[in-house]
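Asker: My structure is stored as start-v4.cif, with mmCIF, C-alpha atoms.
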```cif
data_run
#
loop_
_atom_site.group_PDB
_atom_site.id
_atom_site.type_symbol
_atom_site.label_atom_id
_atom_site.label_comp_id
_atom_site.auth_asym_id
_atom_site.auth_seq_id
_atom_site.Cartn_x
_atom_site.Cartn_y
_atom_site.Cartn_z
ATOM 1 C CA MET A 3 12.919 -14.574 12.858
ATOM 2 C CA CYS A 4 12.873 -16.103 16.364
ATOM 3 C CA ARG A 5 10.539 -13.367 17.565
ATOM 4 C CA ILE A 6 8.141 -14.102 14.714
ATOM 5 C CA ILE A 7 8.125 -17.840 15.474
ATOM 6 C CA ASN A 8 7.576 -17.238 19.203
ATOM 7 C CA ARG A 9 4.649 -14.924 18.508
ATOM 8 C CA LEU A 10 3.065 -17.456 16.192
ATOM 9 C CA LEU A 11 3.530 -20.261 18.723
ATOM 10 C CA ILE A 12 1.632 -18.132 21.247
ATOM 11 C CA ALA A 13 -1.100 -17.632 18.651
ATOM 12 C CA GLY A 14 -1.245 -21.389 18.115
ATOM 13 C CA ILE A 15 -1.775 -21.968 21.830
ATOM 14 C CA ALA A 16 -4.553 -19.387 21.876
ATOM 15 C CA LEU A 17 -6.155 -21.067 18.878
ATOM 16 C CA ALA A 18 -6.047 -24.463 20.555
ATOM 17 C CA GLN A 19 -7.790 -22.954 23.579
ATOM 18 C CA THR A 20 -10.630 -21.667 21.380
ATOM 19 C CA SER A 21 -11.556 -24.903 19.602
ATOM 20 C CA ALA A 22 -15.030 -23.599 18.854
ATOM 21 C CA LEU A 23 -13.492 -21.394 16.195
ATOM 22 C CA THR A 24 -11.759 -24.122 14.211
ATOM 23 C CA GLY A 25 -13.543 -24.861 11.002
ATOM 24 C CA ALA A 26 -16.671 -22.949 12.034
ATOM 25 C CA ALA A 27 -18.121 -20.164 9.963
ATOM 26 C CA ALA A 28 -17.328 -16.739 11.355
ATOM 27 C CA PRO A 29 -20.294 -15.040 13.036
ATOM 28 C CA GLN A 30 -21.910 -12.087 11.305
ATOM 29 C CA SER A 31 -20.113 -9.603 13.568
ATOM 30 C CA GLN A 32 -16.750 -11.000 12.445
ATOM 31 C CA ARG A 33 -17.648 -11.281 8.771
ATOM 32 C CA GLU A 34 -18.614 -7.607 8.608
ATOM 33 C CA ILE A 35 -15.117 -6.531 9.530
ATOM 34 C CA LEU A 36 -13.176 -3.400 8.654
ATOM 35 C CA PRO A 37 -12.963 -2.725 4.904
ATOM 36 C CA ASP A 38 -9.201 -3.081 4.514
ATOM 37 C CA SER A 39 -9.178 -6.660 5.832
ATOM 38 C CA MET A 40 -12.093 -7.739 3.660
ATOM 39 C CA SER A 41 -9.571 -8.365 0.889
ATOM 40 C CA VAL A 42 -8.676 -11.588 2.714
ATOM 41 C CA TRP A 43 -11.855 -12.821 4.352
ATOM 42 C CA ASN A 44 -14.713 -11.898 2.017
ATOM 43 C CA LYS A 45 -12.949 -10.730 -1.109
ATOM 44 C CA ALA A 46 -14.011 -13.594 -3.353
ATOM 45 C CA ASP A 47 -17.755 -13.290 -2.874
ATOM 46 C CA PHE A 48 -17.538 -9.488 -2.899
ATOM 47 C CA VAL A 49 -15.719 -9.381 -6.262
ATOM 48 C CA ILE A 50 -17.936 -12.014 -7.867
ATOM 49 C CA LYS A 51 -21.137 -10.275 -6.758
ATOM 50 C CA ALA A 52 -19.898 -6.791 -7.663
ATOM 51 C CA GLU A 53 -18.838 -7.944 -11.133
ATOM 52 C CA ALA A 54 -22.138 -9.763 -11.672
ATOM 53 C CA GLU A 55 -23.986 -6.556 -10.818
ATOM 54 C CA GLY A 56 -21.883 -4.555 -13.278
ATOM 55 C CA ARG A 57 -20.178 -2.448 -10.623
ATOM 56 C CA ILE A 58 -16.638 -3.484 -11.536
ATOM 57 C CA ASP A 59 -15.159 -4.696 -14.789
ATOM 58 C CA HIS A 60 -12.927 -7.709 -15.364
ATOM 59 C CA ASP A 61 -9.845 -5.689 -14.429
ATOM 60 C CA GLY A 62 -11.271 -4.746 -11.046
ATOM 61 C CA LYS A 63 -11.957 -1.131 -12.045
ATOM 62 C CA LEU A 64 -15.158 0.611 -11.069
ATOM 63 C CA THR A 65 -17.778 0.993 -13.780
ATOM 64 C CA ALA A 66 -19.989 4.087 -14.035
ATOM 65 C CA SER A 67 -22.613 2.300 -11.956
ATOM 66 C CA GLY A 68 -20.013 1.310 -9.395
ATOM 67 C CA LYS A 69 -18.740 4.869 -9.082
ATOM 68 C CA THR A 70 -22.255 6.107 -8.450
ATOM 69 C CA ARG A 71 -22.782 3.562 -5.686
ATOM 70 C CA PHE A 72 -19.414 4.337 -4.124
ATOM 71 C CA SER A 73 -20.039 8.078 -4.198
ATOM 72 C CA GLN A 74 -23.121 7.405 -2.126
ATOM 73 C CA GLY A 75 -20.827 5.815 0.446
ATOM 74 C CA ILE A 76 -22.186 2.272 0.208
ATOM 75 C CA ILE A 77 -21.723 -0.844 -1.857
ATOM 76 C CA MET A 78 -23.449 -4.142 -1.206
ATOM 77 C CA HIS A 79 -21.957 -7.606 -1.104
ATOM 78 C CA SER A 80 -23.306 -10.851 0.316
ATOM 79 C CA ASP A 81 -22.868 -9.772 3.932
ATOM 80 C CA GLY A 82 -24.146 -6.215 3.789
ATOM 81 C CA PRO A 83 -22.730 -2.707 3.315
ATOM 82 C CA VAL A 84 -19.031 -2.122 2.863
ATOM 83 C CA GLU A 85 -17.314 1.256 2.937
ATOM 84 C CA PRO A 86 -15.774 2.738 -0.221
ATOM 85 C CA ASP A 87 -12.126 2.210 0.761
ATOM 86 C CA THR A 88 -12.645 -1.541 0.356
ATOM 87 C CA VAL A 89 -11.723 -1.104 -3.307
ATOM 88 C CA SER A 90 -8.170 -0.058 -2.516
ATOM 89 C CA ALA A 91 -7.792 -3.204 -0.441
ATOM 90 C CA TRP A 92 -8.845 -6.037 -2.683
ATOM 91 C CA ARG A 93 -6.982 -4.592 -5.658
ATOM 92 C CA ARG A 94 -3.758 -5.351 -3.780
ATOM 93 C CA VAL A 95 -4.443 -9.031 -3.163
ATOM 94 C CA LYS A 96 -4.563 -11.749 -5.797
ATOM 95 C CA MET A 97 -7.931 -13.356 -6.299
ATOM 96 C CA VAL A 98 -7.564 -16.929 -5.084
ATOM 97 C CA LYS A 99 -9.171 -19.691 -7.124
ATOM 98 C CA GLY A 100 -10.386 -22.903 -5.532
ATOM 99 C CA ALA A 101 -9.287 -24.962 -8.529
ATOM 100 C CA ASP A 102 -5.719 -23.714 -8.022
ATOM 101 C CA PHE A 103 -5.487 -24.709 -4.353
ATOM 102 C CA PRO A 104 -3.397 -27.856 -5.072
ATOM 103 C CA LEU A 105 -0.912 -25.680 -6.973
ATOM 104 C CA TYR A 106 -0.736 -23.146 -4.133
ATOM 105 C CA LEU A 107 -0.148 -25.926 -1.608
ATOM 106 C CA LYS A 108 2.481 -27.638 -3.746
ATOM 107 C CA ASP A 109 4.467 -24.417 -4.176
ATOM 108 C CA ALA A 110 3.976 -23.546 -0.501
ATOM 109 C CA GLU A 111 5.466 -26.876 0.549
ATOM 110 C CA ARG A 112 8.443 -26.067 -1.666
ATOM 111 C CA GLY A 113 9.021 -22.875 0.313
ATOM 112 C CA ASP A 114 7.403 -20.172 -1.837
ATOM 113 C CA GLY A 115 6.316 -17.362 0.517
ATOM 114 C CA GLU A 116 3.504 -15.999 -1.664
ATOM 115 C CA ALA A 117 2.131 -19.496 -2.268
ATOM 116 C CA MET A 118 2.095 -19.960 1.503
ATOM 117 C CA ARG A 119 -0.042 -16.844 1.854
ATOM 118 C CA LEU A 120 -2.455 -17.934 -0.887
ATOM 119 C CA THR A 121 -2.725 -21.343 0.774
ATOM 120 C CA ALA A 122 -3.553 -19.606 4.040
ATOM 121 C CA ILE A 123 -6.278 -17.550 2.354
ATOM 122 C CA CYS A 124 -7.809 -20.739 0.944
ATOM 123 C CA TYR A 125 -7.887 -22.359 4.362
ATOM 124 C CA GLN A 126 -9.220 -19.157 5.923
ATOM 125 C CA THR A 127 -12.048 -18.741 3.444
ATOM 126 C CA GLY A 128 -12.733 -22.391 2.607
ATOM 127 C CA THR A 129 -11.820 -21.806 -1.038
ATOM 128 C CA GLY A 130 -10.977 -25.083 -2.769
ATOM 129 C CA VAL A 131 -10.514 -26.836 0.566
ATOM 130 C CA ASP A 132 -12.386 -27.293 3.832
ATOM 131 C CA LYS A 133 -12.135 -24.220 6.026
ATOM 132 C CA ASP A 134 -9.479 -24.688 8.709
ATOM 133 C CA LEU A 135 -8.357 -21.693 10.755
ATOM 134 C CA ARG A 136 -5.568 -23.661 12.416
ATOM 135 C CA LYS A 137 -3.942 -24.422 9.073
ATOM 136 C CA ALA A 138 -4.618 -20.861 7.887
ATOM 137 C CA TRP A 139 -2.675 -19.510 10.854
ATOM 138 C CA GLU A 140 0.113 -22.006 10.217
ATOM 139 C CA TRP A 141 0.577 -20.927 6.601
ATOM 140 C CA TYR A 142 0.196 -17.208 7.323
ATOM 141 C CA GLY A 143 2.929 -17.596 9.918
ATOM 142 C CA LYS A 144 5.268 -19.422 7.565
ATOM 143 C CA SER A 145 4.687 -16.808 4.869
ATOM 144 C CA ALA A 146 5.308 -13.943 7.291
ATOM 145 C CA ALA A 147 8.502 -15.612 8.511
ATOM 146 C CA LYS A 148 9.627 -15.676 4.870
ATOM 147 C CA GLY A 149 9.256 -11.899 4.832
ATOM 148 C CA ASN A 150 5.971 -11.724 2.905
ATOM 149 C CA THR A 151 4.616 -8.259 3.711
ATOM 150 C CA GLU A 152 1.016 -9.092 2.802
ATOM 151 C CA ALA A 153 1.063 -12.044 5.202
ATOM 152 C CA GLN A 154 2.434 -9.827 7.967
ATOM 153 C CA TYR A 155 -0.437 -7.435 7.364
ATOM 154 C CA ASP A 156 -2.958 -10.297 7.248
ATOM 155 C CA ILE A 157 -1.789 -11.564 10.647
ATOM 156 C CA GLY A 158 -2.321 -8.044 11.980
ATOM 157 C CA THR A 159 -5.939 -8.151 10.795
ATOM 158 C CA LEU A 160 -6.432 -11.591 12.390
ATOM 159 C CA TYR A 161 -5.332 -10.257 15.762
ATOM 160 C CA ARG A 162 -7.248 -7.004 15.350
ATOM 161 C CA ASP A 163 -10.521 -8.741 14.551
ATOM 162 C CA GLY A 164 -10.067 -11.744 16.835
ATOM 163 C CA ILE A 165 -10.334 -14.322 14.055
ATOM 164 C CA GLY A 166 -8.948 -17.732 14.996
ATOM 165 C CA THR A 167 -7.497 -16.296 18.176
ATOM 166 C CA LYS A 168 -8.390 -13.870 20.930
ATOM 167 C CA GLN A 169 -8.495 -10.226 19.906
ATOM 168 C CA ASN A 170 -5.126 -8.704 20.763
ATOM 169 C CA PHE A 171 -4.376 -5.101 19.811
ATOM 170 C CA GLN A 172 -0.799 -5.290 21.080
ATOM 171 C CA GLU A 173 -0.068 -8.093 18.633
ATOM 172 C CA SER A 174 -1.969 -6.417 15.793
ATOM 173 C CA ALA A 175 0.118 -3.280 16.393
ATOM 174 C CA TYR A 176 3.310 -5.338 16.196
ATOM 175 C CA TRP A 177 2.349 -6.896 12.870
ATOM 176 C CA PHE A 178 0.956 -3.707 11.366
ATOM 177 C CA ARG A 179 4.154 -1.844 12.261
ATOM 178 C CA LYS A 180 6.218 -4.631 10.746
ATOM 179 C CA ALA A 181 4.234 -4.575 7.496
ATOM 180 C CA ALA A 182 4.192 -0.763 7.431
ATOM 181 C CA SER A 183 7.967 -0.650 7.810
ATOM 182 C CA ASN A 184 8.115 -2.826 4.697
ATOM 183 C CA GLY A 185 5.981 -0.353 2.732
ATOM 184 C CA HIS A 186 2.464 -1.779 3.151
ATOM 185 C CA SER A 187 0.180 1.250 2.821
ATOM 186 C CA LEU A 188 -2.911 -0.264 4.455
ATOM 187 C CA ALA A 189 -0.799 -1.382 7.398
ATOM 188 C CA MET A 190 0.253 2.273 7.743
ATOM 189 C CA VAL A 191 -3.401 3.288 8.033
ATOM 190 C CA ASN A 192 -4.102 0.588 10.591
ATOM 191 C CA ILE A 193 -1.155 1.365 12.836
ATOM 192 C CA ALA A 194 -2.040 5.054 12.549
ATOM 193 C CA ARG A 195 -5.561 4.253 13.807
ATOM 194 C CA GLN A 196 -4.191 2.306 16.743
ATOM 195 C CA PHE A 197 -1.857 5.120 17.791
ATOM 196 C CA ALA A 198 -4.631 7.672 17.349
ATOM 197 C CA GLU A 199 -7.012 5.617 19.509
ATOM 198 C CA GLY A 200 -4.438 4.172 21.921
ATOM 199 C CA LYS A 201 -5.352 0.567 21.134
ATOM 200 C CA GLY A 202 -2.560 -1.802 22.135
ATOM 201 C CA VAL A 203 -0.087 1.096 22.192
ATOM 202 C CA LEU A 204 0.334 4.325 24.088
ATOM 203 C CA PRO A 205 -1.613 7.095 22.325
ATOM 204 C CA ASP A 206 0.686 9.125 20.098
ATOM 205 C CA LEU A 207 -0.878 11.499 17.578
ATOM 206 C CA ARG A 208 2.500 12.372 16.128
ATOM 207 C CA ILE A 209 3.139 8.760 15.089
ATOM 208 C CA ALA A 210 -0.450 8.497 13.878
ATOM 209 C CA ALA A 211 -0.012 11.592 11.700
ATOM 210 C CA GLU A 212 3.277 10.304 10.311
ATOM 211 C CA ASN A 213 1.717 7.015 9.222
ATOM 212 C CA TYR A 214 -1.375 8.682 7.776
ATOM 213 C CA TRP A 215 0.995 10.891 5.761
ATOM 214 C CA ARG A 216 2.957 7.873 4.505
ATOM 215 C CA ALA A 217 -0.292 6.203 3.433
ATOM 216 C CA ALA A 218 -1.581 9.401 1.816
ATOM 217 C CA GLU A 219 1.595 9.738 -0.239
ATOM 218 C CA ARG A 220 0.913 6.223 -1.533
ATOM 219 C CA GLY A 221 -2.572 7.199 -2.672
ATOM 220 C CA ILE A 222 -4.659 5.808 0.209
ATOM 221 C CA ASP A 223 -7.775 7.955 0.620
ATOM 222 C CA GLU A 224 -8.243 7.283 4.328
ATOM 223 C CA GLY A 225 -4.660 8.334 4.975
ATOM 224 C CA ALA A 226 -5.181 11.595 3.070
ATOM 225 C CA TYR A 227 -8.496 12.310 4.790
ATOM 226 C CA GLN A 228 -7.318 11.620 8.338
ATOM 227 C CA LEU A 229 -4.127 13.601 7.782
ATOM 228 C CA ALA A 230 -6.209 16.518 6.470
ATOM 229 C CA VAL A 231 -8.337 16.428 9.625
ATOM 230 C CA MET A 232 -5.245 16.448 11.860
ATOM 231 C CA LEU A 233 -3.698 19.326 9.897
ATOM 232 C CA ARG A 234 -6.949 21.279 10.088
ATOM 233 C CA ASP A 235 -7.304 20.778 13.832
ATOM 234 C CA GLY A 236 -3.615 20.981 14.711
ATOM 235 C CA LYS A 237 -3.595 17.558 16.351
ATOM 236 C CA GLY A 238 -0.375 15.567 16.239
ATOM 237 C CA LEU A 239 1.334 18.254 14.181
ATOM 238 C CA PRO A 240 1.125 22.044 13.728
ATOM 239 C CA GLN A 241 -2.034 23.400 12.147
ATOM 240 C CA ASP A 242 -1.592 23.943 8.419
ATOM 241 C CA LEU A 243 -4.789 24.789 6.555
ATOM 242 C CA GLN A 244 -3.169 24.872 3.131
ATOM 243 C CA ARG A 245 -1.847 21.323 3.504
ATOM 244 C CA SER A 246 -5.175 20.293 5.016
ATOM 245 C CA LEU A 247 -6.915 21.564 1.884
ATOM 246 C CA LYS A 248 -4.422 19.701 -0.276
ATOM 247 C CA TYR A 249 -5.156 16.349 1.356
ATOM 248 C CA PHE A 250 -8.924 16.885 1.567
ATOM 249 C CA GLU A 251 -8.888 17.524 -2.168
ATOM 250 C CA GLN A 252 -6.751 14.459 -2.739
ATOM 251 C CA ALA A 253 -9.292 12.304 -0.878
ATOM 252 C CA SER A 254 -12.203 13.999 -2.644
ATOM 253 C CA LYS A 255 -11.025 12.729 -6.035
ATOM 254 C CA ASN A 256 -12.499 9.369 -5.036
ATOM 255 C CA ASN A 257 -15.419 10.903 -3.129
ATOM 256 C CA TYR A 258 -14.017 9.668 0.188
ATOM 257 C CA LYS A 259 -16.467 10.438 3.001
ATOM 258 C CA ASP A 260 -17.129 14.197 3.240
ATOM 259 C CA SER A 261 -13.702 15.261 1.967
ATOM 260 C CA ALA A 262 -15.187 17.410 -0.819
ATOM 261 C CA ILE A 263 -17.398 19.252 1.684
ATOM 262 C CA GLU A 264 -14.472 19.842 4.045
ATOM 263 C CA ALA A 265 -12.344 21.127 1.167
ATOM 264 C CA SER A 266 -15.108 23.545 0.110
ATOM 265 C CA LYS A 267 -15.364 24.846 3.683
ATOM 266 C CA LEU A 268 -11.666 25.683 3.717
ATOM 267 C CA ARG A 269 -11.885 27.397 0.329
ATOM 268 C CA ALA A 270 -14.913 29.367 1.527
ATOM 269 C CA ALA A 271 -12.804 30.522 4.478
ATOM 270 C CA GLY A 272 -10.249 31.933 2.027
ATOM 271 C CA ILE A 273 -7.745 29.077 2.095
ATOM 272 C CA LYS A 274 -6.033 28.511 -1.256
ATOM 273 C CA LEU A 275 -3.409 26.127 -2.452
ATOM 274 C CA PRO A 276 -0.076 27.823 -3.205
ATOM 275 C CA GLU A 277 0.636 28.575 -6.845
ATOM 276 C CA PRO A 278 3.085 26.094 -8.377
ATOM 277 C CA SER A 279 6.602 27.426 -8.891
ATOM 278 C CA LYS A 280 7.866 28.277 -12.356
ATOM 279 C CA LYS A 281 10.217 25.319 -12.150
ATOM 280 C CA ALA A 282 7.334 22.938 -11.376
ATOM 281 C CA VAL A 283 5.237 24.354 -14.228
ATOM 282 C CA ARG A 284 8.152 24.031 -16.645
ATOM 283 C CA LYS A 285 8.766 20.439 -15.568
ATOM 284 C CA LYS A 286 5.082 19.542 -16.010
ATOM 285 C CA THR A 287 5.008 21.202 -19.451
ATOM 286 C CA LEU A 288 8.099 19.322 -20.601
ATOM 287 C CA ALA A 289 6.658 16.019 -19.347
ATOM 288 C CA SER A 290 3.393 16.706 -21.166
ATOM 289 C CA HIS A 291 5.236 17.632 -24.370
ATOM 290 C CA LYS A 292 7.376 14.502 -24.156
ATOM 291 C CA ALA A 293 4.307 12.297 -23.681
ATOM 292 C CA SER A 294 2.486 13.874 -26.631
ATOM 293 C CA SER A 295 5.454 13.703 -28.980
ATOM 294 C CA GLY A 296 5.128 9.919 -29.212
ATOM 295 C CA LYS A 297 7.912 7.697 -30.452
ATOM 296 C CA ARG A 298 11.224 9.188 -31.494
ATOM 297 C CA ARG A 299 11.701 9.693 -35.209
ATOM 298 C CA PRO A 300 13.950 7.132 -36.909
ATOM 299 C CA ARG A 301 17.363 8.331 -37.893
ATOM 300 C CA GLY A 302 17.570 10.007 -41.261
ATOM 301 C CA SER A 303 13.865 10.869 -41.382
ATOM 302 C CA ARG A 304 12.868 14.359 -42.377
ATOM 303 C CA ARG A 305 11.285 16.696 -39.880
#
```
As a first step, turn the structure in this file into structure tokens.

Answerer:
Amino acid sequence: MCRIINRLLIAGIALAQTSALTGAAAPQSQREILPDSMSVWNKADFVIKAEAEGRIDHDGKLTASGKTRFSQGIIMHSDGPVEPDTVSAWRRVKMVKGADFPLYLKDAERGDGEAMRLTAICYQTGTGVDKDLRKAWEWYGKSAAKGNTEAQYDIGTLYRDGIGTKQNFQESAYWFRKAASNGHSLAMVNIARQFAEGKGVLPDLRIAAENYWRAAERGIDEGAYQLAVMLRDGKGLPQDLQRSLKYFEQASKNNYKDSAIEASKLRAAGIKLPEPSKKAVRKKTLASHKASSGKRRPRGSRR
């Protein structure tokens, strides 16, 4: 807890030293940030525009039109092109509503960690209140200190992208690792990137591979794709073409980058996935039979 507060005090000093950032609209280079952090900074206008264009439905799921656009590797929002893995990001964050800002603030002042984070998002994006990066940082920090994993991840993106403070990859690594240790899948991808590229940390492909694997097992396409590349090339872990094929095919289900092409190359080279064991087949069959059988018959009913 003390370490968190000290880090946020340092961030506050840095913010005070960059007064030009307070309340000002982020420049284009900052607004077109990495897809996974768009869920915080540009999520509202992205979702509204995408829904208006019929590319997502009211539940946030891609429509047929949306899937076509994503398979082409591009989707437009008010600031320009955004990569396909944006979808997995904004699904994980509640859509803030300007009209609800007073409620967020009231609950935040009562000590609710999630309300603190939503209040921070409002201040960050100017939703329902005047944009104020200083107050956004304050509420993100309070939420993170309460143990809110999303807020810990959000602070990592602030440091990574230099929003409201100077860009600091050492601090972003700290917060991404903290969020990842609490199960945040996108934080796993981000800390994996930093270890792979040696940004703010000593390069370590083994740690990068481990975090990509953790993200892949949670269904994150970038994690599956990057792990497949490392398995194919034998970087960070022993070469394993069968597992590489497995993760390329996992990523290809959502048409992530060129995963389908890479999977077809491995199959053309004679690589095949191992046949499932009899036990696994039996288990899958039983699960399927149980699902299709519907509700249990009431007692005394005839078969």

Asker: Report the centre and edge lengths, in Å to one decimal, of an axis-aligned box enclosing every atom of range 238-246 of chain A listed in the file, padded by 5 Å on each side, as lines of an AutoDock Vina configuration file.

Answerer:
```
center_x = -1.9
center_y = 20.2
center_z = 9.7
size_x = 16.5
size_y = 19.3
size_z = 23.1
```

Asker: Between A:Ile263, A:Leu188, A:Leu107, A:Leu243, which one has atoms that come closest to Leu275 in chain A, using all atoms listed in the file?

Answerer: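 Closest to Leu275 in chain A of all the choices is A:Leu243.
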
Asker: Calculated over all atoms listed in the file, which of the candidates A:Arg234, A:Arg162, A:Arg220, A:Arg245 has the smallest distance to His186 in chain A?

Answerer: A:Arg220

Asker: Evaluated on this file, the PyMOL selection byres ((chain A and resi 216-219) around 8) picks out some residues - which ones are they, written as a list in words?

Answerer: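 What the PyMOL selection byres ((chain A and resi 216-219) around 8) grabs from the file is Ser187, Leu188, Met190, Val191, Glu212, Asn213, Tyr214, Trp215, Arg220, Gly221, Ile222, Asp223, Glu224, Gly225, Ala226, Leu229 and Tyr249 of chain A.
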
Asker: Which one of A:Gly272, A:Lys248, A:Glu140, A:Gly164 sits closest to Tyr227 in chain A if you count only C-alpha atoms?

Answerer: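 Comparing A:Gly272, A:Lys248, A:Glu140, A:Gly164 against Tyr227 in chain A, the winner is A:Lys248.
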
Asker: Could you give me, as a compact mmCIF listing (two decimals) with C-alpha atoms, in the coordinates of the input, the residues within 10 Å of Leu268 in chain A, counting only C-alpha atoms and dropping anything in the same chain fewer than 2 positions from it?

Answerer:
```
# COMPACT_ATOMS: atom_id res chain seq x y z
CA ARG A 234 -6.95 21.28 10.09
CA LEU A 243 -4.79 24.79 6.56
CA GLN A 244 -3.17 24.87 3.13
CA SER A 246 -5.18 20.29 5.02
CA LEU A 247 -6.92 21.56 1.88
CA PHE A 250 -8.92 16.89 1.57
CA ILE A 263 -17.40 19.25 1.68
CA GLU A 264 -14.47 19.84 4.04
CA ALA A 265 -12.34 21.13 1.17
CA SER A 266 -15.11 23.54 0.11
CA ALA A 270 -14.91 29.37 1.53
CA ALA A 271 -12.80 30.52 4.48
CA GLY A 272 -10.25 31.93 2.03
CA ILE A 273 -7.74 29.08 2.10
CA LYS A 274 -6.03 28.51 -1.26
```

Asker: Selected by the PyMOL selection byres ((chain A and resi 180) around 12) in the shown coordinates: which residues, as a JSON list (two decimals) with C-alpha atoms, in the coordinates of the input?

Answerer:
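Dumped everything to part.json:
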```json
[["chain", "number", "residue", "atom", "x", "y", "z"],
["A", 5, "ARG", "CA", 10.54, -13.37, 17.57],
["A", 6, "ILE", "CA", 8.14, -14.10, 14.71],
["A", 146, "ALA", "CA", 5.31, -13.94, 7.29],
["A", 147, "ALA", "CA", 8.50, -15.61, 8.51],
["A", 149, "GLY", "CA", 9.26, -11.90, 4.83],
["A", 150, "ASN", "CA", 5.97, -11.72, 2.90],
["A", 151, "THR", "CA", 4.62, -8.26, 3.71],
["A", 152, "GLU", "CA", 1.02, -9.09, 2.80],
["A", 153, "ALA", "CA", 1.06, -12.04, 5.20],
["A", 154, "GLN", "CA", 2.43, -9.83, 7.97],
["A", 155, "TYR", "CA", -0.44, -7.44, 7.36],
["A", 156, "ASP", "CA", -2.96, -10.30, 7.25],
["A", 157, "ILE", "CA", -1.79, -11.56, 10.65],
["A", 158, "GLY", "CA", -2.32, -8.04, 11.98],
["A", 173, "GLU", "CA", -0.07, -8.09, 18.63],
["A", 174, "SER", "CA", -1.97, -6.42, 15.79],
["A", 175, "ALA", "CA", 0.12, -3.28, 16.39],
["A", 176, "TYR", "CA", 3.31, -5.34, 16.20],
["A", 177, "TRP", "CA", 2.35, -6.90, 12.87],
["A", 178, "PHE", "CA", 0.96, -3.71, 11.37],
["A", 179, "ARG", "CA", 4.15, -1.84, 12.26],
["A", 181, "ALA", "CA", 4.23, -4.58, 7.50],
["A", 182, "ALA", "CA", 4.19, -0.76, 7.43],
["A", 183, "SER", "CA", 7.97, -0.65, 7.81],
["A", 184, "ASN", "CA", 8.12, -2.83, 4.70],
["A", 185, "GLY", "CA", 5.98, -0.35, 2.73],
["A", 186, "HIS", "CA", 2.46, -1.78, 3.15],
["A", 187, "SER", "CA", 0.18, 1.25, 2.82],
["A", 188, "LEU", "CA", -2.91, -0.26, 4.46],
["A", 189, "ALA", "CA", -0.80, -1.38, 7.40],
["A", 190, "MET", "CA", 0.25, 2.27, 7.74],
["A", 192, "ASN", "CA", -4.10, 0.59, 10.59],
["A", 193, "ILE", "CA", -1.16, 1.36, 12.84]]
```

Asker: Could you give me, as a list in words, the residues within 9 Å of Ala117 in chain A, counting all atoms listed in the file and dropping anything in the same chain fewer than 2 positions from it?

Answerer: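 The filter keeps Leu105, Tyr106, Leu107, Lys108, Asp109, Ala110, Glu111, Gly113, Asp114, Gly115, Arg119, Leu120, Thr121, Ala122 and Ser145 of chain A.
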
Asker: Grab the residues selected above and save them as a PDB file, keeping the file's coordinate frame with C-alpha atoms.

Answerer:
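Contents of the output file part_6.pdb:
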```
ATOM      1  CA  LEU A 105      -0.912 -25.680  -6.973  1.00  0.00           C
ATOM      2  CA  TYR A 106      -0.736 -23.146  -4.133  1.00  0.00           C
ATOM      3  CA  LEU A 107      -0.148 -25.926  -1.608  1.00  0.00           C
ATOM      4  CA  LYS A 108       2.481 -27.638  -3.746  1.00  0.00           C
ATOM      5  CA  ASP A 109       4.467 -24.417  -4.176  1.00  0.00           C
ATOM      6  CA  ALA A 110       3.976 -23.546  -0.501  1.00  0.00           C
ATOM      7  CA  GLU A 111       5.466 -26.876   0.549  1.00  0.00           C
ATOM      8  CA  GLY A 113       9.021 -22.875   0.313  1.00  0.00           C
ATOM      9  CA  ASP A 114       7.403 -20.172  -1.837  1.00  0.00           C
ATOM     10  CA  GLY A 115       6.316 -17.362   0.517  1.00  0.00           C
ATOM     11  CA  ARG A 119      -0.042 -16.844   1.854  1.00  0.00           C
ATOM     12  CA  LEU A 120      -2.455 -17.934  -0.887  1.00  0.00           C
ATOM     13  CA  THR A 121      -2.725 -21.343   0.774  1.00  0.00           C
ATOM     14  CA  ALA A 122      -3.553 -19.606   4.040  1.00  0.00           C
ATOM     15  CA  SER A 145       4.687 -16.808   4.869  1.00  0.00           C
TER      16      SER A 145
END
```

Asker: What is the CA of Lys133 in chain A-CA of Lys99 in chain A distance in Å, reported with one decimal?

Answerer: 14.2 Å

Asker: What is the CA of Pro205 in chain A-CA of Asp260 in chain A distance in Å, reported with one decimal?

Answerer: 25.6 Å

Asker: Can you translate the PyMOL selection byres ((chain A and resi 130) around 8) into the concrete residues it hits in this file, as number ranges by chain?

Answerer: A: 99-103, 124, 128-129, 131-132
